[in-house]
Amino acid sequence: MGFIFSLLTSLIAVLVYLNTGKISGERSRLAVRAITILIGIIAVFNSISRLLVIVPPGNVGIVNFFGQVDDNTLAPGVHLVNPFNKVLNFSTRLKDVKENVDVTSQEGLSLNLDISLQYKLDPQKAPTVYKTIGTDETQLVISRFRSTVRAITANYPASAIYSTKRQEIAQKIDQQLTQEIPTLGFIVEEALLRNVKMPNVLQAAIQNKLKVEQENQQMKFVLEKERQEAERKRIEAQGIADSQKIISSGLTNQVLQLRAIEATEKLAQSNNSKIVIIGSEKGGVPILIQPDTGASKP
């Protein structure tokens, strides 16, 4: 309607200008012409502006022609469009929805999760979003978000949600939403589990349980280390016993006598004075006596 009004205004300004010759008085005629020219210029520029549409950065344009939505979107920039079209801008920037969701654990305990969802509009599906959802999708996305979080956390015990399974839960929420949200026309970037709140009594009980589990793990580590040390000592002792067994099996009387004779020969060859007493019994080993060389002679 604005384009038609501007166009009619321009035509009327032209007609008035053409009929200013009938006005008596030069000054009056010039004044009317100046006014009609000014009005005509404004109307023409307004009509031209209806033909040009600017889509700002981070948006896509949806073209609506009397209730008919075009399946093609307008990229950021300047576009020449039908003056009777209505163009709506949809943001494609990343949105961060922060929610405090009350959930129930596997045991039926109540928890509160501080969680956020980062998502954005799929530019190719913007016309579908406009036709099925409208210009405000926040409530619909939040409803899906809350429902998914409650369904996933119901499969985990409270202690796991509070401590060991946070990252796993966040990944499952992200995977589930990545499958559901795109059907609505949006792209999920990431789901973040920032904090878990629970009653103080329950929190203290879980912390005590985790402390006991850590102590048990530490004790298992110590026992395993001691077991390995005992096994090492057993293997070492077995090796020594086997070595001694092998050595003892090779030490016959003949070998021992030969070793004794060799030692006696080495001592006899030394320059120190000595007394050698040869054993009389069979297999006897010679006895060496080193006299005291420092004693005074009588």
# chains A, B, ... in the order shown; residues from 1 in each chain; ligands from 1
>>> select_by_dssp(residues="segment 5-108 of chain A", states="strand (DSSP E)", output="VMD selection string")
chain A and resid 52 to 55 59 to 65 68 to 69 77 to 80 86 to 91 95 to 104
>>> residues_around(residues="segment 178-187 of chain A", least_positions_apart="5", cutoff="7 Å", atoms="only C-alpha atoms", output="list in words")
Tyr119, Lys120, Leu121, Asp122, Lys125, Ala126 and Val129 of chain A
>>> residues_around(residues="Asn89 of chain A", least_positions_apart="6", cutoff="7 Å", atoms="only C-alpha atoms", output="PyMOL selection string")
chain A and resi 55+59-62
>>> select_by_dssp(residues="segment 73-145 of chain A", states="alpha helix (DSSP H)", output="number ranges by chain")
A: 126-132, 138-145
>>> residues_around(residues="Ala13 of chain A", least_positions_apart="4", cutoff="7 Å", atoms="only C-alpha atoms", output="PyMOL selection string")
chain A and resi 9+17+36-37+39-40
>>> residues_around(residues="Ser147 of chain A", least_positions_apart="4", cutoff="10 Å", atoms="only C-alpha atoms", output="ChimeraX atom specification")
/A:101,103,142-143,151-152
>>> atom_distance(atom1="atom CA of Pro56 of chain A", atom2="atom CA of Phe84 of chain A")
20.3 Å
>>> atom_distance(atom1="atom CA of Ile54 of chain A", atom2="atom CA of Tyr130 of chain A")
19.0 Å
>>> residues_around(residues="Asn112 of chain A", least_positions_apart="4", cutoff="10 Å", atoms="only C-alpha atoms", output="short mmCIF file (atom, residue, chain, number, x, y, z; two decimals) with C-alpha atoms, in the first residue's frame")
data_model
loop_
_atom_site.label_atom_id
_atom_site.label_comp_id
_atom_site.auth_asym_id
_atom_site.auth_seq_id
_atom_site.Cartn_x
_atom_site.Cartn_y
_atom_site.Cartn_z
CA GLU A 99 18.08 -22.83 31.70
CA ASN A 100 17.74 -24.15 35.26
CA VAL A 101 16.03 -27.51 34.80
CA ASP A 102 14.55 -29.53 37.67
CA VAL A 103 15.23 -33.22 37.00
CA THR A 104 14.86 -36.56 38.75
CA ASN A 195 26.48 -26.97 37.32
CA VAL A 196 24.49 -29.50 39.35
CA LYS A 197 22.60 -28.38 42.45
CA MET A 198 21.17 -30.69 45.08
CA PRO A 199 20.15 -30.60 48.78
#
>>> residues_around(residues="segment 169-171 of chain A", least_positions_apart="2", cutoff="10 Å", atoms="only C-alpha atoms", output="list in words")
Ile115, Ser116, Val149, Ile152, Thr153, Asn155, Tyr156, Ala160, Ile161, Thr164, Lys165, Arg166, Gln167, Ile173, Asp174, Gln175, Gln176, Leu177, Glu190, Ala191, Leu192, Leu193 and Arg194 of chain A
>>> closest_residue(among="A:Ala43, A:Leu111, A:Ala154, A:Val69", to="Gly134 of chain A", atoms="only C-alpha atoms")
A:Val69
